[in-house]
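Next comes target-v9.cif, a file with mmCIF, C-alpha atoms (C1' of nucleotides).
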data_run
loop_
_atom_site.label_atom_id
_atom_site.label_comp_id
_atom_site.auth_asym_id
_atom_site.auth_seq_id
_atom_site.Cartn_x
_atom_site.Cartn_y
_atom_site.Cartn_z
CA MET J 1 14.08 -29.50 -11.62
CA PHE J 2 12.11 -26.40 -10.85
CA SER J 3 12.12 -23.57 -13.29
CA PRO J 4 13.20 -20.37 -11.63
CA PRO J 5 10.54 -17.70 -11.41
CA ASP J 6 10.61 -15.58 -14.53
CA PRO J 7 9.47 -12.02 -13.82
CA ARG J 8 9.33 -11.21 -17.51
CA THR J 9 6.85 -14.01 -18.11
CA TYR J 10 4.83 -12.92 -15.14
CA ASN J 11 4.76 -9.32 -16.23
CA GLN J 12 3.36 -10.49 -19.55
CA ILE J 13 0.57 -12.33 -17.75
CA ILE J 14 -0.17 -9.24 -15.69
CA TYR J 15 -0.24 -7.08 -18.81
CA ALA J 16 -2.52 -9.53 -20.59
CA VAL J 17 -5.03 -9.36 -17.75
CA VAL J 18 -4.88 -5.57 -17.48
CA ARG J 19 -5.48 -5.31 -21.21
CA GLN J 20 -8.81 -7.05 -20.65
CA ILE J 21 -10.17 -4.24 -18.49
CA PRO J 22 -12.70 -2.47 -20.70
CA PRO J 23 -12.87 1.30 -21.07
CA GLY J 24 -14.93 2.97 -18.38
CA ARG J 25 -14.09 0.27 -15.86
CA ALA J 26 -11.37 -0.14 -13.27
CA SER J 27 -9.71 -2.91 -11.30
CA SER J 28 -7.34 -3.07 -8.35
CA TYR J 29 -3.78 -4.34 -7.93
CA GLY J 30 -5.08 -6.97 -5.56
CA GLN J 31 -7.84 -8.07 -7.88
CA ILE J 32 -5.42 -8.52 -10.76
CA ALA J 33 -3.07 -10.44 -8.48
CA SER J 34 -5.91 -12.66 -7.28
CA MET J 35 -6.27 -14.16 -10.77
CA ILE J 36 -2.64 -15.12 -11.21
CA PRO J 37 -1.02 -18.19 -9.61
CA PRO J 38 2.43 -17.96 -8.04
CA PRO J 39 5.52 -18.48 -10.24
CA ALA J 40 6.54 -22.07 -10.91
CA GLY J 41 9.34 -23.13 -8.62
CA VAL J 42 8.05 -21.16 -5.70
CA GLU J 43 6.71 -23.39 -2.98
CA PRO J 44 3.48 -21.67 -2.12
CA PRO J 45 0.51 -22.35 0.05
CA ALA J 46 -2.11 -23.41 -2.46
CA TYR J 47 -4.26 -20.42 -1.70
CA ARG J 48 -1.61 -17.80 -2.25
CA ARG J 49 -1.71 -15.71 -5.38
CA LEU J 50 0.64 -13.22 -6.88
CA SER J 51 1.59 -10.38 -4.54
CA PRO J 52 -0.30 -7.16 -5.31
CA ARG J 53 3.04 -5.38 -4.99
CA TRP J 54 4.26 -7.23 -8.04
CA VAL J 55 1.33 -5.89 -10.02
CA GLY J 56 2.20 -2.37 -8.93
CA THR J 57 5.81 -2.90 -9.89
CA ALA J 58 4.76 -4.22 -13.28
CA MET J 59 2.64 -1.14 -13.89
CA ARG J 60 5.57 1.16 -13.27
CA ASN J 61 7.05 0.77 -16.70
CA CYS J 62 4.60 -1.10 -18.86
CA PRO J 63 4.09 -1.24 -22.62
CA ASP J 64 2.12 1.60 -24.15
CA ASP J 65 -0.81 -0.62 -25.03
CA VAL J 66 -1.43 -1.57 -21.41
CA PRO J 67 -4.20 0.52 -19.80
CA TRP J 68 -2.31 1.00 -16.56
CA PHE J 69 -4.58 3.88 -15.59
CA ARG J 70 -7.50 1.46 -15.10
CA VAL J 71 -5.77 -0.10 -12.09
CA LEU J 72 -6.45 1.53 -8.73
CA ASN J 73 -5.75 0.47 -5.16
CA SER J 74 -8.18 -1.64 -3.15
CA ARG J 75 -9.97 1.43 -1.83
CA GLY J 76 -10.73 2.64 -5.31
CA THR J 77 -8.37 5.59 -5.19
CA ILE J 78 -5.30 6.50 -7.21
CA SER J 79 -2.10 5.14 -5.72
CA LEU J 80 0.32 7.38 -7.57
CA PRO J 81 1.69 10.24 -5.45
CA ALA J 82 -1.11 12.75 -4.90
CA GLY J 83 -0.67 15.82 -7.02
CA SER J 84 1.91 14.23 -9.29
CA PRO J 85 1.56 14.62 -13.05
CA ALA J 86 1.11 10.89 -13.37
CA ALA J 87 -1.73 10.85 -10.84
CA HIS J 88 -3.38 13.72 -12.67
CA GLU J 89 -3.06 11.91 -15.95
CA GLN J 90 -4.55 8.76 -14.49
CA ARG J 91 -7.60 10.55 -13.20
CA ALA J 92 -8.04 12.50 -16.42
CA ARG J 93 -7.85 9.40 -18.57
CA LEU J 94 -10.38 7.56 -16.44
CA GLU J 95 -12.74 10.51 -16.39
CA ALA J 96 -12.43 10.74 -20.15
CA GLU J 97 -13.90 7.26 -20.21
CA GLY J 98 -16.77 8.25 -17.97
CA VAL J 99 -15.40 7.01 -14.65
CA VAL J 100 -16.67 9.17 -11.80
CA PHE J 101 -14.63 10.04 -8.72
CA ASP J 102 -16.46 11.06 -5.57
CA GLU J 103 -15.51 13.91 -3.26
CA ASN J 104 -12.91 11.68 -1.63
CA GLY J 105 -11.27 10.86 -4.94
CA ARG J 106 -12.71 7.38 -4.91
CA VAL J 107 -14.51 5.42 -7.58
CA ASP J 108 -17.57 3.33 -6.77
CA TRP J 109 -16.70 -0.28 -7.46
CA ALA J 110 -20.40 -1.06 -7.82
CA VAL J 111 -20.48 1.29 -10.81
CA ALA J 112 -17.00 1.22 -12.31
CA GLY J 113 -15.71 -2.06 -10.94
CA TRP J 114 -14.78 -4.96 -13.16
CA ASP J 115 -15.81 -8.60 -12.82
CA GLY J 116 -12.70 -9.93 -14.50
CA PRO J 117 -12.32 -11.65 -17.86
CA ASP J 118 -14.74 -14.30 -19.06
CA ASP J 119 -14.31 -17.67 -17.39
CA GLU J 120 -13.20 -19.19 -20.65
CA TRP J 121 -10.50 -16.59 -21.12
CA LEU J 122 -9.21 -17.32 -17.64
CA ARG J 123 -9.42 -21.09 -18.01
CA ALA J 124 -7.51 -21.02 -21.28
CA ARG J 125 -4.61 -19.36 -19.47
CA GLY J 126 -4.73 -21.28 -16.22
CA LEU J 127 -5.84 -18.24 -14.27
CA PHE J 128 -8.29 -17.95 -11.38
CA PRO J 129 -11.58 -16.08 -11.11
CA PRO J 130 -10.91 -12.71 -9.47
CA ARG J 131 -11.66 -11.99 -5.88
CA PRO J 132 -14.57 -9.55 -5.66
CA LEU J 133 -13.62 -5.93 -5.16
CA LYS J 134 -14.01 -4.69 -1.62
CA LYS J 135 -17.16 -2.72 -1.28
CA PRO J 136 -16.73 0.63 0.46
CA LYS J 137 -19.21 1.58 3.14
CA ARG J 138 -22.08 3.80 2.11
CA GLY J 139 -21.19 3.59 -1.53
"C1'" DC G 140 25.60 -8.56 -3.66
"C1'" DG G 141 23.26 -6.66 0.74
"C1'" DT G 142 19.95 -2.94 1.68
"C1'" DT G 143 16.22 0.03 0.74
"C1'" DT G 144 12.08 1.30 -1.77
"C1'" DG G 145 7.43 1.13 -3.37
"C1'" DA G 146 1.59 2.67 -8.41
"C1'" DC G 147 -0.18 -3.06 -2.18
"C1'" DT G 148 -3.23 -5.17 1.43
"C1'" DA G 149 -5.28 -7.07 5.48
"C1'" DC G 150 -5.95 -6.35 10.13
"C1'" DG G 151 -5.86 -4.11 14.75
"C1'" DC G 152 -7.14 -0.18 17.59
"C1'" DC K 153 -12.21 6.92 9.00
"C1'" DG K 154 -7.37 7.41 10.21
"C1'" DC K 155 -2.98 5.68 11.72
"C1'" DG K 156 0.37 1.87 12.72
"C1'" DT K 157 2.08 -2.87 11.78
"C1'" DA K 158 3.23 -6.92 9.42
"C1'" DG K 159 3.73 -9.51 5.22
"C1'" DC K 160 4.91 -9.05 0.59
"C1'" DC K 161 8.78 -9.27 -3.44
"C1'" DA K 162 10.79 -7.31 -7.81
"C1'" DA K 163 13.58 -3.34 -8.74
"C1'" DA K 164 16.43 0.05 -7.81
"C1'" DC K 165 20.43 1.66 -5.42
#
Encoded form using structure tokens:
Amino acid sequence: MFSPPDPRTYNQIIYAVVRQIPPGRASSYGQIASMIPPPAGVEPPAYRRLSPRWVGTAMRNCPDDVPWFRVLNSRGTISLPAGSPAAHEQRARLEAEGVVFDENGRVDWAVAGWDGPDDEWLRARGLFPPRPLKKPKRG
DNA sequence: CGTTTGACTACGC
DNA sequence: CGCGTAGCCAAAC
């Protein structure tokens, strides 16, 4: 009847979306999740999207060609453990693309945020337009 | 196979 | 802004 949820398939969708983030831009776990419908077989409220946690889990060990470092948390900061080599790498790779972090280690979504893929790209894959990134106060 | 863990978020105070 | 709480759900243990 229902197909069981297939995490592998869903990870591929997540990776496909993340691969669309252009250099010099960044997205958030929640924004990525907001484009992806729930797995088939799950009885969801129509409004619910993929859990942002799933996106984070998918980033943990992703293929080399996925620009995982362009995904930040909803506040625009790095979610990897502060001071860890991985967190340092993420910041370095973003800065190498011209992304600027403020004194609080936060990127300005208005500058480096991403609007999501083209509508046609989304429509072709049955995905939703992304929820806008939360705008931090005073910049 | 039950329990705990996390690269999450929204919301309340 | 900072801290706590409640949902979240695949993975790891």
For this session: List every protein, DNA or RNA residue with an atom no more than 10 Å from (-7.4, -6.3, -21.5) in the file's coordinates, counting all atoms listed in the file, and format the result as a list in words.
Result: Ile14, Tyr15, Ala16, Val17, Val18, Arg19, Gln20, Ile21, Pro22, Pro23, Asp65, Val66, Pro67, Gly116 and Pro117 of chain J
Take the residues from that selection and put them in a file with C-alpha atoms, as a PDB file, keeping the file's coordinate frame.
ATOM      1  CA  ILE J  14      -0.170  -9.240 -15.690  1.00  0.00           C
ATOM      2  CA  TYR J  15      -0.240  -7.080 -18.810  1.00  0.00           C
ATOM      3  CA  ALA J  16      -2.520  -9.530 -20.590  1.00  0.00           C
ATOM      4  CA  VAL J  17      -5.030  -9.360 -17.750  1.00  0.00           C
ATOM      5  CA  VAL J  18      -4.880  -5.570 -17.480  1.00  0.00           C
ATOM      6  CA  ARG J  19      -5.480  -5.310 -21.210  1.00  0.00           C
ATOM      7  CA  GLN J  20      -8.810  -7.050 -20.650  1.00  0.00           C
ATOM      8  CA  ILE J  21     -10.170  -4.240 -18.490  1.00  0.00           C
ATOM      9  CA  PRO J  22     -12.700  -2.470 -20.700  1.00  0.00           C
ATOM     10  CA  PRO J  23     -12.870   1.300 -21.070  1.00  0.00           C
ATOM     11  CA  ASP J  65      -0.810  -0.620 -25.030  1.00  0.00           C
ATOM     12  CA  VAL J  66      -1.430  -1.570 -21.410  1.00  0.00           C
ATOM     13  CA  PRO J  67      -4.200   0.520 -19.800  1.00  0.00           C
ATOM     14  CA  GLY J 116     -12.700  -9.930 -14.500  1.00  0.00           C
ATOM     15  CA  PRO J 117     -12.320 -11.650 -17.860  1.00  0.00           C
TER      16      PRO J 117
END
Problem set entry | Long-range neighbours of DT143 in chain G as a list in words, 10 Å cut-off, only C-alpha atoms (C1' of nucleotides), 2 positions minimum in chain |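 In the requested format, the answer is DG141 and DG145 of chain G; DA164 and DC165 of chain K.
The residues caught by the PyMOL selection byres ((chain J) within 10 of (chain K)) in this file are Pro7, Leu50, Ser51, Pro52, Arg53, Trp54, Val55, Gly56, Thr57 and Ala58 of chain J.
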Would you save the residues of that selection, restricted to C-alpha atoms, as a PDB file, in the coordinates of the input?
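Written output follows (selection24.pdb):
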ATOM      1  CA  PRO J   7       9.470 -12.020 -13.820  1.00  0.00           C
ATOM      2  CA  LEU J  50       0.640 -13.220  -6.880  1.00  0.00           C
ATOM      3  CA  SER J  51       1.590 -10.380  -4.540  1.00  0.00           C
ATOM      4  CA  PRO J  52      -0.300  -7.160  -5.310  1.00  0.00           C
ATOM      5  CA  ARG J  53       3.040  -5.380  -4.990  1.00  0.00           C
ATOM      6  CA  TRP J  54       4.260  -7.230  -8.040  1.00  0.00           C
ATOM      7  CA  VAL J  55       1.330  -5.890 -10.020  1.00  0.00           C
ATOM      8  CA  GLY J  56       2.200  -2.370  -8.930  1.00  0.00           C
ATOM      9  CA  THR J  57       5.810  -2.900  -9.890  1.00  0.00           C
ATOM     10  CA  ALA J  58       4.760  -4.220 -13.280  1.00  0.00           C
TER      11      ALA J  58
END
For this session: Please determine the contact residues of chain G with respect to chain J at a cut-off of 8 Å, counting only C-alpha atoms (C1' of nucleotides), and supply them as a list in words.
Result: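 Putting it all together, I get DG145, DA146, DC147 and DT148 of chain G.
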Problem set entry | CA of Leu133 in chain J to C1' of DA149 in chain G, straight-line distance in Å |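 Going from C1' of DA149 in chain G over to CA of Leu133 in chain J, I get 13.6 Å.
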For this session: Please write the residues picked by the PyMOL selection byres ((chain J and resi 97-106) around 12) on this file as a PyMOL selection string.
Result: (chain J and resi 22-27+67+69-70+72-79+82-83+87-88+90-96+107-113+135-139) or (chain K and resi 153)
Exercise. When you draw a straight line from C1' of DC150 in chain G to CA of Leu127 in chain J, how long is it in Å?
Worked result: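 According to the coordinates, C1' of DC150 in chain G and CA of Leu127 in chain J are separated by 27.1 Å.
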Problem set entry | Straight-line distance linking CA of Met35 in chain J with CA of Asp64 in chain J, stated in Å to one decimal |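 Those two atoms sit 22.3 Å apart.
Shortest separation to Pro129 in chain J among J:Ser84, J:Asn11, J:Asp115, J:Asn61 occurs at residue J:Asp115, atoms counted being all atoms listed in the file.
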Would you mind putting N, CA and C atoms back on range 18-33 of chain J and writing the result as a PDB file, in the coordinates of the input?
ATOM      1  N   VAL J  18      -4.524  -6.996 -17.528  1.00  0.00           N
ATOM      2  CA  VAL J  18      -4.880  -5.570 -17.480  1.00  0.00           C
ATOM      3  C   VAL J  18      -5.470  -5.104 -18.804  1.00  0.00           C
ATOM      4  N   ARG J  19      -4.956  -5.689 -19.888  1.00  0.00           N
ATOM      5  CA  ARG J  19      -5.480  -5.310 -21.210  1.00  0.00           C
ATOM      6  C   ARG J  19      -6.942  -5.715 -21.388  1.00  0.00           C
ATOM      7  N   GLN J  20      -7.412  -6.623 -20.538  1.00  0.00           N
ATOM      8  CA  GLN J  20      -8.810  -7.050 -20.650  1.00  0.00           C
ATOM      9  C   GLN J  20      -9.782  -6.093 -19.982  1.00  0.00           C
ATOM     10  N   ILE J  21      -9.264  -5.183 -19.160  1.00  0.00           N
ATOM     11  CA  ILE J  21     -10.170  -4.240 -18.490  1.00  0.00           C
ATOM     12  C   ILE J  21     -10.769  -3.319 -19.548  1.00  0.00           C
ATOM     13  N   PRO J  22     -12.080  -3.299 -19.653  1.00  0.00           N
ATOM     14  CA  PRO J  22     -12.700  -2.470 -20.700  1.00  0.00           C
ATOM     15  C   PRO J  22     -12.695  -0.996 -20.334  1.00  0.00           C
ATOM     16  N   PRO J  23     -12.775  -0.140 -21.327  1.00  0.00           N
ATOM     17  CA  PRO J  23     -12.870   1.300 -21.070  1.00  0.00           C
ATOM     18  C   PRO J  23     -14.047   1.613 -20.154  1.00  0.00           C
ATOM     19  N   GLY J  24     -13.860   2.582 -19.281  1.00  0.00           N
ATOM     20  CA  GLY J  24     -14.930   2.970 -18.380  1.00  0.00           C
ATOM     21  C   GLY J  24     -15.011   2.112 -17.128  1.00  0.00           C
ATOM     22  N   ARG J  25     -14.124   1.136 -17.034  1.00  0.00           N
ATOM     23  CA  ARG J  25     -14.090   0.270 -15.860  1.00  0.00           C
ATOM     24  C   ARG J  25     -12.715   0.339 -15.217  1.00  0.00           C
ATOM     25  N   ALA J  26     -12.650  -0.146 -13.972  1.00  0.00           N
ATOM     26  CA  ALA J  26     -11.370  -0.140 -13.270  1.00  0.00           C
ATOM     27  C   ALA J  26     -11.232  -1.399 -12.434  1.00  0.00           C
ATOM     28  N   SER J  27     -10.002  -1.768 -12.155  1.00  0.00           N
ATOM     29  CA  SER J  27      -9.710  -2.910 -11.300  1.00  0.00           C
ATOM     30  C   SER J  27      -8.739  -2.467 -10.218  1.00  0.00           C
ATOM     31  N   SER J  28      -8.313  -3.408  -9.389  1.00  0.00           N
ATOM     32  CA  SER J  28      -7.340  -3.070  -8.350  1.00  0.00           C
ATOM     33  C   SER J  28      -6.122  -3.980  -8.489  1.00  0.00           C
ATOM     34  N   TYR J  29      -5.008  -3.535  -7.913  1.00  0.00           N
ATOM     35  CA  TYR J  29      -3.780  -4.340  -7.930  1.00  0.00           C
ATOM     36  C   TYR J  29      -4.055  -5.716  -7.340  1.00  0.00           C
ATOM     37  N   GLY J  30      -4.790  -5.707  -6.221  1.00  0.00           N
ATOM     38  CA  GLY J  30      -5.080  -6.970  -5.560  1.00  0.00           C
ATOM     39  C   GLY J  30      -5.988  -7.867  -6.384  1.00  0.00           C
ATOM     40  N   GLN J  31      -6.934  -7.252  -7.073  1.00  0.00           N
ATOM     41  CA  GLN J  31      -7.840  -8.070  -7.880  1.00  0.00           C
ATOM     42  C   GLN J  31      -7.100  -8.707  -9.044  1.00  0.00           C
ATOM     43  N   ILE J  32      -6.232  -7.948  -9.675  1.00  0.00           N
ATOM     44  CA  ILE J  32      -5.420  -8.520 -10.760  1.00  0.00           C
ATOM     45  C   ILE J  32      -4.586  -9.667 -10.214  1.00  0.00           C
ATOM     46  N   ALA J  33      -3.939  -9.416  -9.067  1.00  0.00           N
ATOM     47  CA  ALA J  33      -3.070 -10.440  -8.480  1.00  0.00           C
ATOM     48  C   ALA J  33      -3.853 -11.694  -8.126  1.00  0.00           C
TER      49      ALA J  33
END
